[in-house]
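Undergrad: Just so it is clear, I am handing over coords-v4.tsv, which has TSV, C-alpha atoms.
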```
chain	number	residue	atom	x	y	z
A	214	MET	CA	58.09	17.20	-2.38
A	215	ALA	CA	60.20	16.38	-5.43
A	216	ASN	CA	60.41	12.79	-6.63
A	217	ALA	CA	63.59	11.10	-5.49
A	218	GLU	CA	63.95	9.12	-8.72
A	219	ALA	CA	65.83	10.94	-11.44
A	220	ALA	CA	65.32	10.02	-15.10
A	221	THR	CA	65.78	11.80	-18.40
A	222	VAL	CA	63.37	11.04	-21.24
A	223	THR	CA	62.72	12.37	-24.73
A	224	ASN	CA	60.04	15.04	-25.04
A	225	LYS	CA	58.35	15.64	-28.40
A	226	GLN	CA	57.22	19.24	-28.90
A	227	ILE	CA	55.23	21.22	-31.48
A	228	ILE	CA	56.98	24.58	-31.82
A	229	PHE	CA	55.44	27.85	-33.04
A	230	PRO	CA	58.14	29.26	-35.37
A	231	ASP	CA	56.68	32.62	-36.40
A	232	TYR	CA	53.52	34.73	-36.54
A	233	VAL	CA	50.83	33.91	-39.10
A	234	THR	CA	48.95	36.02	-41.65
A	235	GLY	CA	45.86	34.60	-43.33
A	236	PHE	CA	45.04	30.91	-43.05
A	237	PRO	CA	47.65	28.93	-41.08
A	238	LYS	CA	49.39	26.00	-42.80
A	239	GLU	CA	51.27	22.88	-41.71
A	240	SER	CA	54.51	24.83	-42.26
A	241	ASN	CA	53.48	27.14	-39.39
A	242	PHE	CA	54.24	24.29	-36.99
A	243	LYS	CA	57.54	22.56	-36.31
A	244	LEU	CA	57.82	19.13	-34.71
A	245	THR	CA	60.96	18.66	-32.65
A	246	THR	CA	62.31	16.36	-29.94
A	247	THR	CA	64.23	17.40	-26.86
A	248	THR	CA	64.86	15.82	-23.44
A	249	ILE	CA	63.46	16.51	-19.99
A	250	ASP	CA	64.33	15.42	-16.44
A	251	LEU	CA	61.45	13.73	-14.67
A	252	LYS	CA	62.53	15.36	-11.43
A	253	LEU	CA	62.06	18.98	-10.48
A	254	PRO	CA	64.96	20.96	-9.02
A	255	GLU	CA	65.12	21.08	-5.23
A	256	GLY	CA	62.99	23.92	-3.87
A	257	SER	CA	60.84	24.26	-7.01
A	258	THR	CA	57.15	25.14	-6.52
A	259	SER	CA	56.27	24.06	-10.07
A	260	VAL	CA	54.50	20.90	-11.19
A	261	LEU	CA	55.87	18.45	-13.77
A	262	VAL	CA	53.13	16.75	-15.77
A	263	LYS	CA	52.71	14.14	-18.46
A	264	ASN	CA	50.19	15.41	-21.01
A	265	LEU	CA	47.43	12.96	-21.91
A	266	TYR	CA	44.97	14.92	-24.07
A	267	LEU	CA	45.51	18.25	-25.83
A	268	SER	CA	42.67	20.41	-27.12
A	269	CYS	CA	42.34	22.36	-30.38
A	270	ASP	CA	40.30	25.53	-29.88
A	271	PRO	CA	39.41	28.42	-32.25
A	272	TYR	CA	40.89	31.09	-29.92
A	273	MET	CA	44.35	29.63	-30.66
A	274	ARG	CA	44.26	31.28	-34.10
A	275	ILE	CA	44.10	34.69	-32.39
A	276	CYS	CA	47.28	33.80	-30.46
A	277	MET	CA	49.07	33.01	-33.74
A	278	GLY	CA	48.71	36.56	-35.06
A	279	LYS	CA	51.44	39.18	-34.79
A	280	PRO	CA	51.07	41.22	-31.57
A	281	GLU	CA	49.39	44.58	-32.13
A	282	PRO	CA	50.66	47.06	-29.51
A	283	LEU	CA	47.60	49.32	-29.75
A	284	SER	CA	44.98	46.58	-29.50
A	285	SER	CA	44.15	44.56	-26.44
A	286	SER	CA	43.39	40.87	-26.77
A	287	LEU	CA	41.45	38.46	-24.66
A	288	VAL	CA	44.33	36.00	-25.04
A	289	PRO	CA	48.04	36.89	-25.31
A	290	PRO	CA	49.97	36.15	-28.51
A	291	TYR	CA	52.18	33.08	-28.63
A	292	GLU	CA	55.89	33.33	-28.07
A	293	THR	CA	57.87	32.24	-31.12
A	294	GLY	CA	60.41	29.45	-30.97
A	295	VAL	CA	58.73	27.63	-28.09
A	296	PRO	CA	55.90	25.06	-27.87
A	297	ILE	CA	52.36	26.20	-28.65
A	298	VAL	CA	50.30	26.61	-25.48
A	299	GLY	CA	46.80	25.19	-25.22
A	300	LEU	CA	44.44	23.43	-22.88
A	301	GLY	CA	45.02	19.86	-21.90
A	302	VAL	CA	44.48	17.06	-19.41
A	303	SER	CA	47.63	15.98	-17.62
A	304	LYS	CA	48.94	13.64	-14.92
A	305	VAL	CA	51.36	14.84	-12.23
A	306	ILE	CA	54.80	13.17	-12.42
A	307	ASP	CA	56.53	15.33	-9.80
A	308	SER	CA	55.42	18.29	-7.72
A	309	GLY	CA	56.95	21.01	-5.62
A	310	HIS	CA	53.53	22.56	-5.04
A	311	PRO	CA	51.62	21.77	-1.85
A	312	ASP	CA	48.28	21.35	-3.65
A	313	TYR	CA	49.47	18.62	-6.01
A	314	LYS	CA	51.11	15.23	-5.56
A	315	LYS	CA	52.37	12.54	-7.92
A	316	GLY	CA	49.49	10.78	-9.66
A	317	ASP	CA	47.03	13.69	-9.42
A	318	LEU	CA	45.11	14.62	-12.57
A	319	LEU	CA	44.51	18.20	-13.67
A	320	TRP	CA	43.37	20.26	-16.63
A	321	GLY	CA	44.57	23.67	-17.74
A	322	LEU	CA	47.20	25.44	-19.82
A	323	VAL	CA	50.16	23.33	-20.97
A	324	GLY	CA	52.61	23.30	-23.84
A	325	TRP	CA	52.04	21.15	-26.90
A	326	GLU	CA	54.59	18.59	-25.77
A	327	GLU	CA	54.67	15.20	-24.08
A	328	TYR	CA	55.81	16.61	-20.73
A	329	SER	CA	55.39	20.13	-19.33
A	330	VAL	CA	56.64	22.00	-16.30
A	331	ILE	CA	53.82	24.30	-15.21
A	332	THR	CA	53.71	27.25	-12.86
A	333	LEU	CA	50.35	27.49	-11.13
A	334	THR	CA	48.52	30.82	-11.10
A	335	LEU	CA	44.91	31.65	-10.19
A	336	TYR	CA	42.53	29.59	-12.37
A	337	SER	CA	45.33	28.44	-14.72
A	338	HIS	CA	44.75	24.81	-13.72
A	339	PHE	CA	42.06	22.78	-11.99
A	340	LYS	CA	42.47	19.49	-10.14
A	341	ILE	CA	40.29	16.68	-11.50
A	342	HIS	CA	38.25	15.05	-8.74
A	343	HIS	CA	35.57	13.25	-10.77
A	344	THR	CA	36.93	10.35	-12.81
A	345	ASP	CA	33.66	8.45	-13.39
A	346	VAL	CA	33.36	10.40	-16.66
A	347	PRO	CA	35.83	10.24	-19.59
A	348	LEU	CA	39.04	12.16	-18.82
A	349	SER	CA	38.88	13.68	-22.30
A	350	TYR	CA	35.73	15.56	-21.19
A	351	TYR	CA	38.00	17.92	-19.25
A	352	THR	CA	39.20	19.36	-22.58
A	353	GLY	CA	35.57	20.07	-23.49
A	354	LEU	CA	32.34	19.45	-21.62
A	355	LEU	CA	33.95	19.71	-18.15
A	356	GLY	CA	36.67	22.14	-19.16
A	357	MET	CA	36.97	25.54	-20.81
A	358	PRO	CA	34.30	24.99	-23.54
A	359	GLY	CA	31.77	23.75	-20.98
A	360	MET	CA	32.41	26.70	-18.69
A	361	THR	CA	32.17	29.02	-21.71
A	362	ALA	CA	28.74	27.65	-22.67
A	363	TYR	CA	27.54	27.82	-19.06
A	364	ALA	CA	28.78	31.36	-18.39
A	365	GLY	CA	27.71	32.75	-21.75
A	366	PHE	CA	24.23	31.29	-21.65
A	367	TYR	CA	23.25	31.57	-18.00
A	368	GLU	CA	25.32	34.56	-16.82
A	369	VAL	CA	25.43	36.74	-19.94
A	370	CYS	CA	22.12	35.89	-21.68
A	371	SER	CA	19.91	35.59	-18.55
A	372	PRO	CA	17.52	33.18	-20.32
A	373	LYS	CA	13.87	32.68	-19.48
A	374	LYS	CA	11.64	29.68	-20.15
A	375	GLY	CA	9.92	29.85	-23.52
A	376	GLU	CA	12.42	32.21	-25.16
A	377	THR	CA	13.81	31.66	-28.65
A	378	VAL	CA	17.52	30.90	-28.92
A	379	PHE	CA	19.81	30.77	-31.97
A	380	VAL	CA	23.29	29.22	-31.79
A	381	SER	CA	25.81	29.51	-34.63
A	382	ALA	CA	28.61	26.92	-35.05
A	383	ALA	CA	26.16	24.84	-33.03
A	384	SER	CA	27.87	21.45	-33.37
A	385	GLY	CA	31.19	22.70	-31.99
A	386	ALA	CA	32.66	22.23	-28.53
A	387	VAL	CA	30.66	25.14	-27.06
A	388	GLY	CA	27.59	25.35	-29.31
A	389	GLN	CA	26.37	21.79	-28.73
A	390	LEU	CA	26.20	22.53	-24.99
A	391	VAL	CA	24.51	25.93	-25.32
A	392	GLY	CA	21.72	24.26	-27.26
A	393	GLN	CA	21.26	21.56	-24.63
A	394	PHE	CA	21.33	24.09	-21.77
A	395	ALA	CA	18.66	26.09	-23.59
A	396	LYS	CA	16.49	23.01	-24.00
A	397	LEU	CA	16.84	22.28	-20.27
A	398	MET	CA	15.51	25.82	-19.68
A	399	GLY	CA	12.46	25.14	-21.84
A	400	CYS	CA	13.59	27.39	-24.71
A	401	TYR	CA	12.98	26.96	-28.45
A	402	VAL	CA	16.43	26.34	-29.97
A	403	VAL	CA	17.75	26.47	-33.52
A	404	GLY	CA	21.37	25.94	-34.59
A	405	SER	CA	23.41	26.46	-37.73
A	406	ALA	CA	26.24	24.21	-38.91
A	407	GLY	CA	28.20	23.52	-42.09
A	408	SER	CA	27.15	20.02	-43.20
A	409	LYS	CA	24.15	17.68	-43.34
A	410	GLU	CA	25.89	15.37	-40.85
A	411	LYS	CA	26.20	18.20	-38.33
A	412	VAL	CA	22.64	19.41	-38.87
A	413	ASP	CA	21.34	15.88	-38.26
A	414	LEU	CA	23.45	15.69	-35.09
A	415	LEU	CA	21.90	18.91	-33.78
A	416	LYS	CA	18.35	17.68	-34.28
A	417	LYS	CA	18.68	13.98	-33.50
A	418	LYS	CA	21.35	13.84	-30.79
A	419	PHE	CA	21.34	17.23	-29.09
A	420	GLY	CA	17.60	17.86	-29.27
A	421	PHE	CA	17.58	21.20	-31.13
A	422	ASN	CA	14.10	22.11	-32.34
A	423	ASP	CA	15.48	22.91	-35.78
A	424	ALA	CA	18.79	23.44	-37.58
A	425	PHE	CA	20.07	24.47	-41.01
A	426	ASN	CA	23.22	24.18	-43.11
A	427	TYR	CA	24.36	27.77	-43.64
A	428	LYS	CA	26.36	26.74	-46.71
A	429	GLU	CA	23.14	25.77	-48.51
A	430	GLU	CA	21.27	28.98	-47.67
A	431	LYS	CA	21.43	31.71	-50.30
A	432	ASP	CA	19.81	34.20	-47.92
A	433	LEU	CA	20.76	33.77	-44.23
A	434	SER	CA	18.20	36.33	-43.10
A	435	ALA	CA	15.42	34.39	-44.87
A	436	ALA	CA	16.62	31.15	-43.27
A	437	LEU	CA	16.42	32.75	-39.82
A	438	LYS	CA	12.99	34.21	-40.58
A	439	ARG	CA	11.85	30.71	-41.59
A	440	CYS	CA	13.01	29.28	-38.26
A	441	PHE	CA	12.00	32.24	-36.08
A	442	SER	CA	8.79	33.74	-37.44
A	443	GLU	CA	8.44	35.86	-34.27
A	444	GLY	CA	12.14	36.74	-33.96
A	445	ILE	CA	15.11	35.76	-31.80
A	446	ASP	CA	15.39	36.51	-28.07
A	447	ILE	CA	18.93	35.20	-27.58
A	448	TYR	CA	21.78	34.77	-30.06
A	449	PHE	CA	24.88	32.86	-28.95
A	450	GLU	CA	27.48	34.22	-31.36
A	451	ASN	CA	30.37	31.99	-32.47
A	452	VAL	CA	30.78	33.06	-36.10
A	453	GLY	CA	30.56	36.81	-36.83
A	454	GLY	CA	30.46	38.35	-40.30
A	455	LYS	CA	27.44	37.70	-42.52
A	456	MET	CA	25.72	35.55	-39.90
A	457	LEU	CA	25.80	38.32	-37.29
A	458	ASP	CA	24.46	40.76	-39.88
A	459	ALA	CA	21.54	38.45	-40.68
A	460	VAL	CA	20.78	37.79	-37.01
A	461	LEU	CA	20.57	41.46	-36.04
A	462	ILE	CA	17.57	42.17	-38.26
A	463	ASN	CA	15.84	39.04	-36.94
A	464	MET	CA	16.26	39.88	-33.26
A	465	LYS	CA	13.28	40.70	-31.06
A	466	LEU	CA	12.92	43.91	-29.10
A	467	HIS	CA	15.33	43.81	-26.13
A	468	GLY	CA	17.12	40.74	-27.54
A	469	ARG	CA	20.46	39.66	-26.11
A	470	VAL	CA	23.61	38.61	-27.95
A	471	ALA	CA	26.45	36.82	-26.14
A	472	VAL	CA	29.60	37.20	-28.25
A	473	CYS	CA	31.69	34.11	-27.60
A	474	GLY	CA	33.71	33.97	-30.83
A	475	MET	CA	33.92	35.03	-34.47
A	476	ILE	CA	35.63	32.13	-36.19
A	477	SER	CA	34.72	33.35	-39.69
A	478	GLN	CA	36.93	36.42	-39.14
A	479	TYR	CA	40.08	35.02	-37.54
A	480	ASN	CA	41.93	34.24	-40.76
A	481	LEU	CA	40.93	37.41	-42.65
A	482	GLU	CA	43.45	40.21	-43.07
A	483	ASP	CA	40.52	42.62	-43.48
A	484	PRO	CA	37.59	41.56	-41.27
A	485	GLU	CA	34.11	41.83	-42.79
A	486	GLY	CA	31.99	44.79	-41.80
A	487	VAL	CA	28.55	44.52	-40.19
A	488	HIS	CA	25.89	46.61	-41.95
A	489	ASN	CA	22.81	46.25	-39.75
A	490	LEU	CA	24.20	48.03	-36.70
A	491	PRO	CA	21.32	50.56	-36.49
A	492	THR	CA	19.08	47.64	-35.55
A	493	ILE	CA	20.91	47.50	-32.20
A	494	LEU	CA	19.46	50.93	-31.42
A	495	TYR	CA	16.02	50.44	-32.95
A	496	LYS	CA	15.41	47.14	-31.13
A	497	ARG	CA	17.42	48.04	-28.00
A	498	ILE	CA	19.54	44.91	-28.42
A	499	GLN	CA	22.12	44.13	-25.77
A	500	ILE	CA	25.39	42.80	-27.20
A	501	GLN	CA	28.03	41.61	-24.75
A	502	GLY	CA	31.40	40.08	-25.43
A	503	PHE	CA	32.72	37.83	-22.69
A	504	GLY	CA	35.73	35.73	-21.78
A	505	VAL	CA	35.46	32.51	-19.81
A	506	CYS	CA	38.40	33.63	-17.66
A	507	ASP	CA	36.07	36.16	-16.01
A	508	PHE	CA	33.83	33.34	-14.74
A	509	TYR	CA	36.23	30.64	-13.52
A	510	ASP	CA	35.30	31.44	-9.91
A	511	LYS	CA	31.98	29.73	-10.77
A	512	TYR	CA	33.64	26.47	-11.87
A	513	PRO	CA	32.59	24.49	-8.74
A	514	LYS	CA	28.99	25.71	-9.24
A	515	PHE	CA	29.19	24.63	-12.89
A	516	LEU	CA	30.35	21.12	-11.95
A	517	ASP	CA	27.53	20.80	-9.39
A	518	PHE	CA	25.09	21.73	-12.13
A	519	VAL	CA	26.40	19.70	-15.06
A	520	LEU	CA	27.67	16.44	-13.53
A	521	PRO	CA	24.21	15.15	-12.48
A	522	HIS	CA	22.89	15.93	-15.97
A	523	ILE	CA	25.74	13.93	-17.53
A	524	ARG	CA	25.34	10.97	-15.19
A	525	GLU	CA	21.59	10.84	-15.76
A	526	GLY	CA	21.91	11.14	-19.55
A	527	ARG	CA	20.23	14.54	-19.91
A	528	ILE	CA	23.36	16.07	-21.46
A	529	THR	CA	25.39	14.32	-24.14
A	530	TYR	CA	28.67	15.35	-25.76
A	531	VAL	CA	30.39	14.60	-29.06
A	532	GLU	CA	34.17	14.59	-29.35
A	533	ASP	CA	36.40	14.38	-32.42
A	534	ILE	CA	39.46	12.54	-31.07
A	535	ALA	CA	42.62	12.07	-33.15
A	536	GLU	CA	45.30	9.59	-32.12
A	537	GLY	CA	48.96	10.54	-31.84
A	538	PHE	CA	50.97	13.61	-30.92
A	539	GLU	CA	51.87	14.37	-34.55
A	540	SER	CA	48.19	14.84	-35.45
A	541	GLY	CA	47.98	18.13	-33.49
A	542	PRO	CA	48.64	20.64	-36.30
A	543	SER	CA	46.22	19.04	-38.79
A	544	CYS	CA	43.54	18.88	-36.06
A	545	LEU	CA	43.90	22.59	-35.33
A	546	LEU	CA	43.92	23.56	-39.01
A	547	GLY	CA	40.82	21.42	-39.57
A	548	LEU	CA	38.82	23.66	-37.22
A	549	PHE	CA	39.01	26.52	-39.71
A	550	GLU	CA	37.76	24.31	-42.53
A	551	GLY	CA	34.90	22.89	-40.46
A	552	LYS	CA	36.32	19.36	-40.58
A	553	ASN	CA	35.74	18.61	-36.89
A	554	VAL	CA	32.50	17.19	-35.57
A	555	GLY	CA	32.24	18.21	-31.93
A	556	ASN	CA	35.12	19.02	-29.60
A	557	GLN	CA	38.46	18.56	-31.38
A	558	LEU	CA	41.30	17.04	-29.37
A	559	PHE	CA	44.20	14.65	-29.83
A	560	VAL	CA	45.64	11.91	-27.66
A	561	VAL	CA	49.24	12.27	-26.51
A	562	ALA	CA	49.15	9.31	-24.10
A	563	ARG	CA	46.32	7.29	-22.57
A	564	GLU	CA	48.07	7.21	-19.16
```
As a first step, turn the structure in this file into structure tokens.
TA:
Amino acid sequence: MANAEAATVTNKQIIFPDYVTGFPKESNFKLTTTTIDLKLPEGSTSVLVKNLYLSCDPYMRICMGKPEPLSSSLVPPYETGVPIVGLGVSKVIDSGHPDYKKGDLLWGLVGWEEYSVITLTLYSHFKIHHTDVPLSYYTGLLGMPGMTAYAGFYEVCSPKKGETVFVSAASGAVGQLVGQFAKLMGCYVVGSAGSKEKVDLLKKKFGFNDAFNYKEEKDLSAALKRCFSEGIDIYFENVGGKMLDAVLINMKLHGRVAVCGMISQYNLEDPEGVHNLPTILYKRIQIQGFGVCDFYDKYPKFLDFVLPHIREGRITYVEDIAEGFESGPSCLLGLFEGKNVGNQLFVVARE
């Protein structure tokens, strides 16, 4: 039922002007202000929301590239001239949809703007029922990154107690959770990250058995051999390139690789090749790419699993929260320079 009160307010937006080649820059974003009615048209089945938190995620760089007609992508390219689309936590202002009413909270795909009108499709949005945890967690731990870590580790990797697990980009929104899930399973876990601060976080806060700063390692294969003298059972891949090459020759027989992302390659016009591919055959390694969208039917099961761990302090989560709508572009760009520590998001409004 649409809200009877009609009001028009300003609506700041971050527009995507044109497709990007190489590393994106501040000029690849355009801040603008428009207006929006806080009342949906009569008969609408959409939902009007006020955006509270917006998330910056590595996959968004893929969406910024020019569409390639002959290649399929896990995520569709952005439309130019309209707000960037990402994941966020929002509050319902008006609703024509039977499943949502004014005041409800949800997380899912929204525009980078203060207010969005959303059309609900299967698994595009999820109602928030548990508010005894920080709302911002629904951009990370209890949202897409959390589901990604859960699906990739438990569903794709099929872990067993006592196995050895390596996680690249381990202090990020997904990696920090994969490591903690692996520890809960009784695995031996090592992570890589790009600074001493992040390495310390992995070992002291997230409970990784060991960690190393890949920027300080002249030989990545030797670093992995140092950490895994017997080899790696499971590799949770977030980086690609040279790291993947080094991991392959350090895998155990019948090792498993869950390919979640390849952030080192997203800004390259010519992606790096991988040279140790024969190892996949020799060691019978299973490599599987996956998309979280294929596992959203398991979201209730994920919440049942993870919420007790959060409430009892067995899982912790680090967020990198920037204040203010205008901070969005610099937050997103910072991902590709490794500036973020934990899940990167920015606050649009607290309520």
Undergrad: What separation in Å, quoted to one decimal, exists between CA of His343 (chain A) and CA of Ala562 (chain A)?
TA: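 CA of His343 (chain A) sits 19.4 Å away from CA of Ala562 (chain A).
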Undergrad: Nearest to Asp432 (chain A): which of A:Glu239, A:Asp446, A:Glu368, A:Asp458 is it, counting only C-alpha atoms?
TA: A:Asp458
Undergrad: Can you work out which one of A:Val470, A:Leu354, A:Leu253, A:Cys400 has the shortest atom-to-atom distance to His310 (chain A), counting all atoms listed in the file?
TA: A:Leu253
Undergrad: Have a look at A:Tyr351, A:Phe518, A:Tyr448, A:Tyr479 and name the one nearest to Ile275 (chain A); count all atoms listed in the file.
TA: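 Using all atoms listed in the file, Ile275 (chain A) sits closest to A:Tyr479.
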Undergrad: Go through A:Leu558, A:Ala362, A:Ile476, A:Met357 and flag the residue nearest Pro542 (chain A), using only C-alpha atoms for the distances.
TA: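 Nearest to Pro542 (chain A): A:Leu558.
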Undergrad: Looking at A:Val505, A:Cys544, A:Leu390, A:Ala424, which one is nearest to Cys473 (chain A), with distances taken over only C-alpha atoms?
TA: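 Between A:Val505, A:Cys544, A:Leu390, A:Ala424, the residue approaching Cys473 (chain A) most closely is A:Val505.
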